[in-house]
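Student: Structure file run.cif (mmCIF, C-alpha atoms and all ligand atoms) right here:
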```
data_input
loop_
_atom_site.group_PDB
_atom_site.id
_atom_site.type_symbol
_atom_site.label_atom_id
_atom_site.label_comp_id
_atom_site.auth_asym_id
_atom_site.auth_seq_id
_atom_site.Cartn_x
_atom_site.Cartn_y
_atom_site.Cartn_z
ATOM 1 C CA MET A 14 20.699 -22.465 -6.313
ATOM 2 C CA LYS A 15 21.430 -18.723 -6.132
ATOM 3 C CA ASP A 16 19.246 -16.410 -8.251
ATOM 4 C CA SER A 17 22.198 -15.284 -10.363
ATOM 5 C CA GLU A 18 23.142 -18.917 -11.154
ATOM 6 C CA LEU A 19 19.554 -19.713 -12.061
ATOM 7 C CA LEU A 20 19.335 -16.698 -14.368
ATOM 8 C CA ASN A 21 22.613 -17.629 -16.001
ATOM 9 C CA GLU A 22 21.467 -21.203 -16.618
ATOM 10 C CA ILE A 23 18.199 -19.983 -18.119
ATOM 11 C CA SER A 24 20.056 -17.667 -20.471
ATOM 12 C CA VAL A 25 22.472 -20.435 -21.599
ATOM 13 C CA LEU A 26 19.641 -22.958 -22.125
ATOM 14 C CA LYS A 27 17.561 -20.413 -24.023
ATOM 15 C CA LYS A 28 20.348 -19.698 -26.523
ATOM 16 C CA LYS A 29 21.207 -23.377 -26.934
ATOM 17 C CA ARG A 30 17.697 -24.374 -28.018
ATOM 18 C CA ASP A 31 16.544 -21.159 -29.757
ATOM 19 C CA VAL A 32 13.511 -20.531 -27.579
ATOM 20 C CA THR A 33 11.444 -17.344 -27.340
ATOM 21 C CA ILE A 34 9.977 -16.442 -23.948
ATOM 22 C CA LEU A 35 6.819 -14.320 -23.917
ATOM 23 C CA ALA A 36 5.578 -12.892 -20.626
ATOM 24 C CA HIS A 37 2.468 -11.001 -19.614
ATOM 25 C CA TYR A 38 2.766 -7.850 -17.486
ATOM 26 C CA TYR A 39 1.117 -9.721 -14.598
ATOM 27 C CA GLN A 40 4.059 -12.108 -14.200
ATOM 28 C CA SER A 41 6.479 -11.631 -11.324
ATOM 29 C CA ILE A 42 9.173 -9.064 -12.055
ATOM 30 C CA GLU A 43 11.848 -11.832 -12.162
ATOM 31 C CA ILE A 44 9.998 -13.554 -15.001
ATOM 32 C CA GLN A 45 9.328 -10.264 -16.786
ATOM 33 C CA ASN A 46 13.064 -9.607 -16.672
ATOM 34 C CA ILE A 47 14.035 -12.811 -18.520
ATOM 35 C CA ALA A 48 11.348 -12.495 -21.219
ATOM 36 C CA ASP A 49 12.245 -11.732 -24.829
ATOM 37 C CA PHE A 50 8.930 -9.944 -25.186
ATOM 38 C CA LEU A 51 6.648 -8.450 -22.582
ATOM 39 C CA GLY A 52 3.134 -7.217 -23.213
ATOM 40 C CA ASP A 53 -0.609 -7.516 -22.768
ATOM 41 C CA SER A 54 -2.781 -10.052 -24.583
ATOM 42 C CA LEU A 55 -2.985 -8.064 -27.818
ATOM 43 C CA GLU A 56 0.728 -7.314 -28.024
ATOM 44 C CA LEU A 57 1.646 -10.900 -27.207
ATOM 45 C CA SER A 58 -0.817 -12.262 -29.814
ATOM 46 C CA ARG A 59 0.793 -10.073 -32.453
ATOM 47 C CA ILE A 60 4.305 -10.983 -31.353
ATOM 48 C CA ALA A 61 3.455 -14.699 -31.335
ATOM 49 C CA LYS A 62 2.320 -14.382 -34.939
ATOM 50 C CA GLU A 63 4.714 -11.854 -36.404
ATOM 51 C CA LYS A 64 7.965 -11.706 -34.478
ATOM 52 C CA THR A 65 8.869 -15.193 -33.330
ATOM 53 C CA ASP A 66 10.870 -17.480 -35.553
ATOM 54 C CA SER A 67 11.942 -19.931 -32.837
ATOM 55 C CA ASP A 68 10.455 -23.428 -32.934
ATOM 56 C CA TYR A 69 9.618 -23.203 -29.230
ATOM 57 C CA ILE A 70 7.658 -20.453 -27.489
ATOM 58 C CA ILE A 71 7.528 -20.516 -23.693
ATOM 59 C CA PHE A 72 4.460 -18.545 -22.672
ATOM 60 C CA ALA A 73 4.485 -17.127 -19.141
ATOM 61 C CA GLY A 74 0.811 -16.273 -19.027
ATOM 62 C CA VAL A 75 -2.438 -18.189 -18.591
ATOM 63 C CA ASP A 76 -3.836 -21.041 -20.673
ATOM 64 C CA PHE A 77 -5.941 -19.031 -23.134
ATOM 65 C CA MET A 78 -2.895 -16.926 -24.061
ATOM 66 C CA ALA A 79 -0.831 -20.030 -24.819
ATOM 67 C CA GLU A 80 -3.776 -21.473 -26.778
ATOM 68 C CA THR A 81 -4.004 -18.254 -28.796
ATOM 69 C CA ALA A 82 -0.277 -18.375 -29.554
ATOM 70 C CA SER A 83 -0.639 -22.010 -30.605
ATOM 71 C CA ILE A 84 -3.638 -21.267 -32.866
ATOM 72 C CA LEU A 85 -1.667 -18.486 -34.563
ATOM 73 C CA ASN A 86 1.488 -20.635 -34.838
ATOM 74 C CA GLN A 87 0.257 -24.135 -35.462
ATOM 75 C CA GLU A 88 3.639 -25.370 -36.660
ATOM 76 C CA LYS A 89 5.413 -24.233 -33.458
ATOM 77 C CA HIS A 90 5.608 -25.719 -29.972
ATOM 78 C CA VAL A 91 3.932 -23.460 -27.410
ATOM 79 C CA LEU A 92 4.765 -24.382 -23.826
ATOM 80 C CA LEU A 93 3.064 -23.311 -20.610
ATOM 81 C CA PRO A 94 5.519 -23.738 -17.685
ATOM 82 C CA ASN A 95 2.766 -24.494 -15.171
ATOM 83 C CA PRO A 96 -0.104 -26.315 -16.909
ATOM 84 C CA GLU A 97 -2.407 -25.273 -14.036
ATOM 85 C CA SER A 98 -2.120 -21.592 -14.882
ATOM 86 C CA CYS A 99 -5.628 -20.882 -16.150
ATOM 87 C CA CYS A 100 -7.990 -17.891 -16.261
ATOM 88 C CA PRO A 101 -11.173 -18.388 -14.204
ATOM 89 C CA MET A 102 -12.947 -15.729 -16.246
ATOM 90 C CA ALA A 103 -12.682 -17.865 -19.395
ATOM 91 C CA ALA A 104 -14.604 -20.629 -17.586
ATOM 92 C CA TYR A 105 -17.768 -18.467 -17.473
ATOM 93 C CA LEU A 106 -18.511 -19.223 -21.132
ATOM 94 C CA ASP A 107 -18.507 -22.434 -23.164
ATOM 95 C CA ALA A 108 -19.263 -23.118 -26.824
ATOM 96 C CA LYS A 109 -22.698 -24.605 -26.063
ATOM 97 C CA MET A 110 -23.725 -21.379 -24.343
ATOM 98 C CA VAL A 111 -22.499 -19.329 -27.313
ATOM 99 C CA ARG A 112 -24.620 -21.455 -29.669
ATOM 100 C CA GLU A 113 -27.668 -20.964 -27.422
ATOM 101 C CA TYR A 114 -27.180 -17.162 -27.412
ATOM 102 C CA LYS A 115 -26.831 -17.222 -31.201
ATOM 103 C CA LYS A 116 -30.118 -19.103 -31.480
ATOM 104 C CA LYS A 117 -31.815 -16.620 -29.158
ATOM 105 C CA TYR A 118 -30.403 -13.568 -31.003
ATOM 106 C CA PRO A 119 -30.123 -14.617 -34.665
ATOM 107 C CA GLY A 120 -28.123 -12.319 -36.928
ATOM 108 C CA LEU A 121 -26.084 -10.674 -34.170
ATOM 109 C CA PRO A 122 -22.299 -10.974 -34.386
ATOM 110 C CA VAL A 123 -20.430 -12.721 -31.585
ATOM 111 C CA VAL A 124 -17.512 -10.785 -30.078
ATOM 112 C CA THR A 125 -15.402 -12.757 -27.639
ATOM 113 C CA TYR A 126 -12.706 -11.445 -25.394
ATOM 114 C CA VAL A 127 -9.429 -13.311 -25.983
ATOM 115 C CA ASN A 128 -9.817 -14.473 -22.381
ATOM 116 C CA SER A 129 -11.915 -17.399 -23.612
ATOM 117 C CA THR A 130 -11.434 -21.021 -24.617
ATOM 118 C CA ALA A 131 -10.424 -22.050 -28.141
ATOM 119 C CA GLU A 132 -13.881 -23.704 -28.594
ATOM 120 C CA VAL A 133 -15.622 -20.420 -27.782
ATOM 121 C CA LYS A 134 -13.373 -18.542 -30.224
ATOM 122 C CA ALA A 135 -14.190 -21.137 -32.890
ATOM 123 C CA ASP A 136 -17.869 -20.171 -32.583
ATOM 124 C CA SER A 137 -17.226 -16.395 -32.708
ATOM 125 C CA ASP A 138 -17.182 -13.789 -35.454
ATOM 126 C CA VAL A 139 -14.349 -11.731 -34.003
ATOM 127 C CA CYS A 140 -12.157 -11.631 -30.895
ATOM 128 C CA CYS A 141 -11.122 -8.547 -28.946
ATOM 129 C CA THR A 142 -8.800 -7.583 -26.109
ATOM 130 C CA SER A 143 -9.172 -4.915 -23.454
ATOM 131 C CA SER A 144 -7.061 -2.626 -25.708
ATOM 132 C CA ASN A 145 -9.335 -2.801 -28.723
ATOM 133 C CA ALA A 146 -12.819 -3.895 -27.479
ATOM 134 C CA VAL A 147 -14.494 -0.546 -28.256
ATOM 135 C CA LYS A 148 -13.069 -0.372 -31.775
ATOM 136 C CA ILE A 149 -13.919 -4.012 -32.542
ATOM 137 C CA VAL A 150 -17.515 -3.683 -31.292
ATOM 138 C CA LYS A 151 -18.044 -0.571 -33.455
ATOM 139 C CA SER A 152 -16.469 -2.169 -36.544
ATOM 140 C CA ILE A 153 -18.307 -5.497 -36.353
ATOM 141 C CA ALA A 154 -21.665 -3.803 -35.675
ATOM 142 C CA LYS A 155 -21.083 -1.680 -38.776
ATOM 143 C CA GLU A 156 -20.109 -4.701 -40.841
ATOM 144 C CA PHE A 157 -23.272 -6.599 -39.791
ATOM 145 C CA ASN A 158 -25.367 -3.424 -39.956
ATOM 146 C CA VAL A 159 -26.752 -3.931 -36.425
ATOM 147 C CA ASN A 160 -26.972 -1.930 -33.180
ATOM 148 C CA SER A 161 -26.308 -4.862 -30.833
ATOM 149 C CA VAL A 162 -23.669 -7.562 -30.506
ATOM 150 C CA LEU A 163 -23.242 -10.637 -28.331
ATOM 151 C CA PHE A 164 -20.267 -10.140 -26.008
ATOM 152 C CA GLY A 165 -18.522 -12.493 -23.565
ATOM 153 C CA PRO A 166 -17.276 -13.630 -21.201
ATOM 154 C CA ASP A 167 -16.355 -10.447 -19.270
ATOM 155 C CA SER A 168 -19.520 -8.501 -18.470
ATOM 156 C CA ASN A 169 -17.534 -5.466 -17.255
ATOM 157 C CA LEU A 170 -15.507 -5.162 -20.446
ATOM 158 C CA GLY A 171 -18.776 -5.656 -22.370
ATOM 159 C CA ASP A 172 -20.327 -2.857 -20.352
ATOM 160 C CA TYR A 173 -17.313 -0.621 -21.038
ATOM 161 C CA ALA A 174 -17.468 -1.338 -24.780
ATOM 162 C CA GLU A 175 -21.203 -0.569 -24.747
ATOM 163 C CA GLN A 176 -20.663 2.688 -22.818
ATOM 164 C CA LYS A 177 -18.002 3.907 -25.264
ATOM 165 C CA SER A 178 -19.452 2.645 -28.553
ATOM 166 C CA ASN A 179 -23.187 3.179 -28.055
ATOM 167 C CA ILE A 180 -23.659 -0.351 -29.384
ATOM 168 C CA ARG A 181 -25.629 -2.639 -27.086
ATOM 169 C CA CYS A 182 -23.424 -5.492 -25.845
ATOM 170 C CA ILE A 183 -25.577 -8.429 -24.757
ATOM 171 C CA LYS A 184 -23.510 -10.164 -22.092
ATOM 172 C CA MET A 185 -22.747 -13.869 -22.417
ATOM 173 C CA PRO A 186 -23.269 -14.580 -19.505
ATOM 174 C CA GLU A 187 -24.590 -11.709 -17.354
ATOM 175 C CA ASN A 188 -22.076 -12.196 -14.543
ATOM 176 C CA GLY A 189 -18.722 -13.168 -16.165
ATOM 177 C CA HIS A 190 -15.933 -11.246 -14.428
ATOM 178 C CA CYS A 191 -12.275 -11.189 -13.383
ATOM 179 C CA TYR A 192 -11.826 -11.768 -9.657
ATOM 180 C CA VAL A 193 -8.796 -9.465 -9.587
ATOM 181 C CA HIS A 194 -10.324 -6.361 -11.156
ATOM 182 C CA SER A 195 -13.898 -6.754 -9.969
ATOM 183 C CA GLN A 196 -12.797 -6.622 -6.314
ATOM 184 C CA ILE A 197 -11.746 -2.966 -6.722
ATOM 185 C CA SER A 198 -14.473 -0.871 -5.097
ATOM 186 C CA VAL A 199 -15.512 2.773 -5.123
ATOM 187 C CA GLU A 200 -14.354 2.930 -1.472
ATOM 188 C CA ASP A 201 -10.876 1.699 -2.494
ATOM 189 C CA LEU A 202 -10.671 4.381 -5.100
ATOM 190 C CA LYS A 203 -11.823 7.168 -2.783
ATOM 191 C CA ARG A 204 -9.533 6.017 0.029
ATOM 192 C CA SER A 205 -6.500 5.874 -2.248
ATOM 193 C CA ARG A 206 -7.243 9.350 -3.597
ATOM 194 C CA GLU A 207 -7.287 10.669 -0.005
ATOM 195 C CA LEU A 208 -4.086 8.831 0.898
ATOM 196 C CA PHE A 209 -2.144 9.741 -2.228
ATOM 197 C CA THR A 210 -3.363 13.222 -3.020
ATOM 198 C CA LYS A 211 -2.896 14.400 -6.592
ATOM 199 C CA GLY A 212 -2.309 10.827 -7.745
ATOM 200 C CA LEU A 213 -3.736 10.112 -11.189
ATOM 201 C CA VAL A 214 -6.043 7.073 -10.988
ATOM 202 C CA LEU A 215 -5.630 4.504 -13.778
ATOM 203 C CA VAL A 216 -7.949 1.469 -13.859
ATOM 204 C CA HIS A 217 -8.564 -1.503 -16.141
ATOM 205 C CA PRO A 218 -11.824 -1.829 -18.128
ATOM 206 C CA GLU A 219 -12.494 -5.137 -16.326
ATOM 207 C CA CYS A 220 -13.367 -3.010 -13.263
ATOM 208 C CA VAL A 221 -17.026 -2.332 -12.524
ATOM 209 C CA ARG A 222 -18.647 0.755 -14.092
ATOM 210 C CA GLU A 223 -18.863 2.754 -10.799
ATOM 211 C CA VAL A 224 -15.086 2.441 -10.389
ATOM 212 C CA ARG A 225 -14.330 3.196 -14.038
ATOM 213 C CA ASP A 226 -16.504 6.294 -13.927
ATOM 214 C CA LEU A 227 -14.513 7.729 -11.011
ATOM 215 C CA ALA A 228 -11.079 7.019 -12.488
ATOM 216 C CA ASP A 229 -8.967 9.519 -14.426
ATOM 217 C CA PHE A 230 -8.001 6.971 -17.073
ATOM 218 C CA VAL A 231 -9.405 3.606 -18.170
ATOM 219 C CA GLY A 232 -7.226 1.336 -20.281
ATOM 220 C CA SER A 233 -5.639 -2.062 -20.798
ATOM 221 C CA THR A 234 -2.321 -2.848 -19.146
ATOM 222 C CA ALA A 235 -0.415 -1.682 -22.241
ATOM 223 C CA GLN A 236 -2.484 1.496 -22.452
ATOM 224 C CA MET A 237 -1.866 2.240 -18.749
ATOM 225 C CA TYR A 238 1.850 1.660 -19.251
ATOM 226 C CA ASN A 239 1.900 4.048 -22.211
ATOM 227 C CA ARG A 240 -0.176 6.636 -20.334
ATOM 228 C CA VAL A 241 2.500 6.699 -17.613
ATOM 229 C CA LYS A 242 5.363 6.639 -20.140
ATOM 230 C CA ASN A 243 3.918 9.632 -22.002
ATOM 231 C CA SER A 244 2.841 11.519 -18.876
ATOM 232 C CA GLN A 245 3.362 15.240 -18.399
ATOM 233 C CA ILE A 246 6.338 16.302 -16.328
ATOM 234 C CA GLU A 247 4.156 17.479 -13.409
ATOM 235 C CA GLU A 248 2.360 14.112 -13.203
ATOM 236 C CA ASP A 249 4.487 12.146 -10.807
ATOM 237 C CA LYS A 250 2.013 10.087 -8.739
ATOM 238 C CA PHE A 251 -0.096 7.269 -10.112
ATOM 239 C CA ILE A 252 -2.700 5.121 -8.389
ATOM 240 C CA ILE A 253 -2.870 1.834 -10.252
ATOM 241 C CA GLY A 254 -6.030 -0.263 -10.492
ATOM 242 C CA THR A 255 -4.809 -3.518 -11.969
ATOM 243 C CA GLU A 256 -2.712 -6.564 -11.090
ATOM 244 C CA GLU A 257 0.384 -5.626 -9.102
ATOM 245 C CA GLY A 258 2.822 -7.006 -11.730
ATOM 246 C CA LEU A 259 2.189 -3.938 -13.889
ATOM 247 C CA LEU A 260 2.838 -1.573 -10.979
ATOM 248 C CA GLN A 261 6.166 -3.335 -10.326
ATOM 249 C CA ARG A 262 7.117 -3.017 -14.008
ATOM 250 C CA MET A 263 6.295 0.685 -14.087
ATOM 251 C CA ALA A 264 8.112 1.351 -10.807
ATOM 252 C CA LYS A 265 11.205 -0.253 -12.324
ATOM 253 C CA ASP A 266 10.971 1.479 -15.711
ATOM 254 C CA PHE A 267 10.040 4.943 -14.384
ATOM 255 C CA PRO A 268 12.020 5.370 -11.139
ATOM 256 C CA LYS A 269 11.330 9.119 -10.882
ATOM 257 C CA LYS A 270 7.577 8.568 -10.603
ATOM 258 C CA GLN A 271 5.641 7.223 -7.626
ATOM 259 C CA PHE A 272 3.164 4.363 -7.877
ATOM 260 C CA TYR A 273 0.520 3.216 -5.403
ATOM 261 C CA PRO A 274 -1.919 0.316 -5.654
ATOM 262 C CA VAL A 275 -5.597 1.291 -5.511
ATOM 263 C CA ARG A 276 -5.902 -1.519 -2.941
ATOM 264 C CA ASP A 277 -3.580 -4.137 -1.492
ATOM 265 C CA LYS A 278 -3.129 -7.652 -2.828
ATOM 266 C CA LEU A 279 -4.349 -7.157 -6.370
ATOM 267 C CA ILE A 280 -2.823 -10.433 -7.417
ATOM 268 C CA CYS A 281 -3.829 -12.877 -10.133
ATOM 269 C CA TYR A 282 -2.772 -16.099 -8.423
ATOM 270 C CA ASN A 283 -3.344 -17.977 -11.666
ATOM 271 C CA MET A 284 -0.745 -15.887 -13.518
ATOM 272 C CA LYS A 285 1.683 -16.233 -10.648
ATOM 273 C CA LYS A 286 1.887 -20.031 -10.877
ATOM 274 C CA HIS A 287 4.986 -19.835 -13.072
ATOM 275 C CA THR A 288 8.416 -19.603 -11.459
ATOM 276 C CA LEU A 289 11.999 -19.243 -12.705
ATOM 277 C CA GLU A 290 12.704 -22.802 -11.561
ATOM 278 C CA LEU A 291 9.800 -24.096 -13.640
ATOM 279 C CA ILE A 292 10.966 -22.152 -16.677
ATOM 280 C CA LYS A 293 14.419 -23.664 -16.327
ATOM 281 C CA HIS A 294 12.847 -27.111 -16.037
ATOM 282 C CA VAL A 295 10.820 -26.540 -19.232
ATOM 283 C CA LEU A 296 13.953 -25.357 -21.039
ATOM 284 C CA GLU A 297 15.622 -28.631 -20.059
ATOM 285 C CA ASN A 298 12.579 -30.665 -21.155
ATOM 286 C CA LEU A 299 11.276 -28.865 -24.240
ATOM 287 C CA ASP A 300 9.857 -32.044 -25.742
ATOM 288 C CA ASP A 301 7.954 -33.153 -22.647
ATOM 289 C CA PRO A 302 4.304 -33.181 -23.859
ATOM 290 C CA MET A 303 3.172 -32.185 -20.367
ATOM 291 C CA PHE A 304 4.029 -28.547 -21.106
ATOM 292 C CA GLU A 305 2.814 -28.290 -24.699
ATOM 293 C CA VAL A 306 -0.464 -26.492 -25.402
ATOM 294 C CA LYS A 307 -2.025 -27.847 -28.569
ATOM 295 C CA VAL A 308 -5.466 -26.973 -29.864
ATOM 296 C CA PRO A 309 -7.122 -29.755 -31.904
ATOM 297 C CA PRO A 310 -6.674 -28.845 -35.627
ATOM 298 C CA GLU A 311 -10.434 -28.786 -36.369
ATOM 299 C CA ILE A 312 -10.941 -26.213 -33.564
ATOM 300 C CA ALA A 313 -7.774 -24.250 -34.422
ATOM 301 C CA LYS A 314 -8.900 -23.977 -38.071
ATOM 302 C CA LYS A 315 -12.068 -22.155 -36.971
ATOM 303 C CA ALA A 316 -10.626 -20.240 -34.008
ATOM 304 C CA ILE A 317 -7.904 -18.615 -36.114
ATOM 305 C CA LEU A 318 -10.500 -16.710 -38.176
ATOM 306 C CA PRO A 319 -11.866 -14.403 -35.404
ATOM 307 C CA LEU A 320 -8.326 -13.907 -34.100
ATOM 308 C CA GLU A 321 -7.005 -12.864 -37.515
ATOM 309 C CA LYS A 322 -10.033 -10.658 -38.033
ATOM 310 C CA MET A 323 -9.234 -8.919 -34.737
ATOM 311 C CA LEU A 324 -5.598 -8.415 -35.722
ATOM 312 C CA GLN A 325 -6.678 -6.902 -39.049
ATOM 313 C CA MET A 326 -9.262 -4.625 -37.416
ATOM 314 C CA SER A 327 -7.035 -3.324 -34.620
HETATM 315 S S1 LIG B 401 -6.164 -11.083 -14.165
HETATM 316 FE FE1 LIG B 401 -8.296 -11.771 -14.322
HETATM 317 S S2 LIG B 401 -8.702 -11.945 -16.509
HETATM 318 FE FE2 LIG B 401 -6.465 -11.834 -16.249
HETATM 319 S S3 LIG B 401 -5.824 -13.975 -16.159
HETATM 320 FE FE3 LIG B 401 -6.151 -13.311 -14.032
HETATM 321 S S4 LIG B 401 -8.272 -13.889 -13.605
HETATM 322 FE FE4 LIG B 401 -8.028 -13.970 -15.825
#
```
Go ahead and express the file in the form of structure tokens.
Ligand code: SF4

Tutor:
Amino acid sequence: MKDSELLNEISVLKKKRDVTILAHYYQSIEIQNIADFLGDSLELSRIAKEKTDSDYIIFAGVDFMAETASILNQEKHVLLPNPESCCPMAAYLDAKMVREYKKKYPGLPVVTYVNSTAEVKADSDVCCTSSNAVKIVKSIAKEFNVNSVLFGPDSNLGDYAEQKSNIRCIKMPENGHCYVHSQISVEDLKRSRELFTKGLVLVHPECVREVRDLADFVGSTAQMYNRVKNSQIEEDKFIIGTEEGLLQRMAKDFPKKQFYPVRDKLICYNMKKHTLELIKHVLENLDDPMFEVKVPPEIAKKAILPLEKMLQMS
């Protein structure tokens, strides 16, 4: 089937069944283009809760994002086109580990990155995203009147939040990381600066501290996008340190600017498991339980609290 026919069929099916498609910036550009809403984890969490009135939400992202949308919209059907699209970072932390950390550090609040399982969220005081981690850590430490928090599963984001908030973030576990962002090295950054002189370097807080410290800007995907959107006229070259889907989006939206990856093949293969063909198939089979992401009600009832707290705090 030709691409144009496929896109046309998707659009017809979408209208027929009143479906909302949410897509993360790390999806392929073709999928980004058919989405009703595009964003990072925080934006998509808000949209899932506040802006969707369709009965069906197709979530082109990874499993924890679809779980979050389902927790926030328990009466709706949230569908993940490829059920194997999962985030390996989330697997670094389980609920048993969280309970052990809580026992070891009684009285400290638990902050979990949204890139975590529903069970882990259910055992947390508040969630955060890479957009709001610093603010959330500061606010929850103030609320609990403490100088330390438990933070997981991304040790680099925890380190970033600690660096910017002056609140100690005890990592749960020590080595949780994202394989896409943690592969960016100081050498990559220096080499790209030499190659693309005068390029402004933007990196994600999931990068290691040495890389973050050398960058010109550190922010979530949405914050990087907005930094480029609001850039000064003389800033026309950007070196991007995150998954290549964002670079493709920015190149399309800001054709007068130049974008370079900080290194080649910054790809989240887990995000890229969705395809247009699969989305069409889901649209034709909305009630196939294979695609539905449902969190058990007893877990969802607890996990919604730290998510709502995050949305109120951010
Ligand atoms: S980019 Fe990293 S954190 Fe995001 S879904 Fe992929 S592996 Fe997980």

Student: What is the CA of Lys64 (chain A)-CA of Ala82 (chain A) distance in Å, reported with one decimal?

Tutor: 11.7 Å

Student: Produce as an MDAnalysis selection string the set of residues near ligand LIG 401 (chain B), where near means within 10 Å with only C-alpha atoms and all ligand atoms considered.

Tutor: chainID A and resid 37 39 53:54 74:78 98:104 126:129 143 166:167 190:195 219 255:257 279:285

Student: Please produce a file of the residues just selected, as a CSV table (one decimal), in the frame of the given file, where the atoms kept are C-alpha atoms.

Tutor:
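In the end it all went to selection-v8.csv:
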```
chain,number,residue,atom,x,y,z
A,37,HIS,CA,2.5,-11.0,-19.6
A,39,TYR,CA,1.1,-9.7,-14.6
A,53,ASP,CA,-0.6,-7.5,-22.8
A,54,SER,CA,-2.8,-10.1,-24.6
A,74,GLY,CA,0.8,-16.3,-19.0
A,75,VAL,CA,-2.4,-18.2,-18.6
A,76,ASP,CA,-3.8,-21.0,-20.7
A,77,PHE,CA,-5.9,-19.0,-23.1
A,78,MET,CA,-2.9,-16.9,-24.1
A,98,SER,CA,-2.1,-21.6,-14.9
A,99,CYS,CA,-5.6,-20.9,-16.2
A,100,CYS,CA,-8.0,-17.9,-16.3
A,101,PRO,CA,-11.2,-18.4,-14.2
A,102,MET,CA,-12.9,-15.7,-16.2
A,103,ALA,CA,-12.7,-17.9,-19.4
A,104,ALA,CA,-14.6,-20.6,-17.6
A,126,TYR,CA,-12.7,-11.4,-25.4
A,127,VAL,CA,-9.4,-13.3,-26.0
A,128,ASN,CA,-9.8,-14.5,-22.4
A,129,SER,CA,-11.9,-17.4,-23.6
A,143,SER,CA,-9.2,-4.9,-23.5
A,166,PRO,CA,-17.3,-13.6,-21.2
A,167,ASP,CA,-16.4,-10.4,-19.3
A,190,HIS,CA,-15.9,-11.2,-14.4
A,191,CYS,CA,-12.3,-11.2,-13.4
A,192,TYR,CA,-11.8,-11.8,-9.7
A,193,VAL,CA,-8.8,-9.5,-9.6
A,194,HIS,CA,-10.3,-6.4,-11.2
A,195,SER,CA,-13.9,-6.8,-10.0
A,219,GLU,CA,-12.5,-5.1,-16.3
A,255,THR,CA,-4.8,-3.5,-12.0
A,256,GLU,CA,-2.7,-6.6,-11.1
A,257,GLU,CA,0.4,-5.6,-9.1
A,279,LEU,CA,-4.3,-7.2,-6.4
A,280,ILE,CA,-2.8,-10.4,-7.4
A,281,CYS,CA,-3.8,-12.9,-10.1
A,282,TYR,CA,-2.8,-16.1,-8.4
A,283,ASN,CA,-3.3,-18.0,-11.7
A,284,MET,CA,-0.7,-15.9,-13.5
A,285,LYS,CA,1.7,-16.2,-10.6
```

Student: Applying the PyMOL selection byres (((chain A and resi 266) around 12) and not hetatm) to the file I just gave you, which residues come out? Please list them as a ChimeraX atom specification.

Tutor: /A:42,45-46,238-239,241-242,259-265,267-272

Student: Closest to Phe209 (chain A) among A:Ile60, A:Asp249, A:Ile312, A:Lys28, using only C-alpha atoms?

Tutor: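 Looking only at the distances to Phe209 (chain A), the closest residue turns out to be A:Asp249.
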
Student: Residues within 7 Å of Ser168 (chain A), please, as a PyMOL selection string. Count all atoms listed in the file; anything in the same chain fewer than 3 positions from it doesn't count.

Tutor: chain A and resi 165+171-172+184+187-190

Student: Using all atoms listed in the file, which residue out of A:Leu227, A:Ile71, A:Ala174, A:Ala108 lies closest to Thr130 (chain A)?

Tutor: A:Ala108

Student: Step by step, work through what the PyMOL selection byres (((chain A and resi 294) around 12) and not hetatm) selects in the shown file, and finish by giving those residues as an MDAnalysis selection string.

Tutor: chainID A and resid 19 22:23 26:27 71 92:95 287:293 295:301 303:304

Student: Could you list, as a ChimeraX atom specification, every residue matched by the PyMOL selection byres (((chain A and resi 214) around 10) and not hetatm) in this structure?

Tutor: /A:202,205-206,209,211-213,215-216,225,227-231,250-254,273-275

Student: Measuring atom to atom with only C-alpha atoms, identify which of A:Met110, A:Val25, A:Ala313, A:Ile70 is nearest to Val91 (chain A).

Tutor: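 Checking each candidate against Val91 (chain A), we get A:Ile70 as the closest.
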
Student: Which residue out of A:Ala73, A:Leu85, A:Met185, A:Ala48 has the minimum interatomic distance to Leu318 (chain A) when all atoms listed in the file are used?

Tutor: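 So, comparing all the options, the nearest one is A:Leu85.
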
Student: One decimal, in Å: what's the spacing between CA of Asn169 (chain A) and CA of Arg222 (chain A)?

Tutor: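 Separation between CA of Asn169 (chain A) and CA of Arg222 (chain A): 7.1 Å.
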
Student: So the first atom is CA of Asn179 (chain A) and the second is CA of Lys134 (chain A); what is the distance between them in Å, to one decimal place?

Tutor: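 Between these atoms lies a distance of 23.9 Å.
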
Student: Tell me, as a compact mmCIF listing (two decimals) with C-alpha atoms, keeping the file's coordinate frame, which residues lie within 9 Å of Lys89 (chain A), counting all atoms listed in the file; anything in the same chain fewer than 3 positions away does not count.

Tutor:
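For reference, out.txt as written:
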```txt
# COMPACT_ATOMS: atom_id res chain seq x y z
CA ASP A 66 10.87 -17.48 -35.55
CA SER A 67 11.94 -19.93 -32.84
CA ASP A 68 10.46 -23.43 -32.93
CA TYR A 69 9.62 -23.20 -29.23
CA ILE A 70 7.66 -20.45 -27.49
CA SER A 83 -0.64 -22.01 -30.60
CA ASN A 86 1.49 -20.64 -34.84
```

Student: From the options A:Ile180, A:Ala61, A:Met323, A:Leu163, which residue's atoms come nearest to Lys116 (chain A), counting all atoms listed in the file?

Tutor: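 Closest candidate: A:Leu163.
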
Student: Point out the residue among A:Phe157, A:Gly232, A:Ser152, A:Lys203 with the least atom-to-atom distance to Leu170 (chain A), counting only C-alpha atoms.

Tutor: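 Ranked by minimum distance to Leu170 (chain A), first place goes to A:Gly232.
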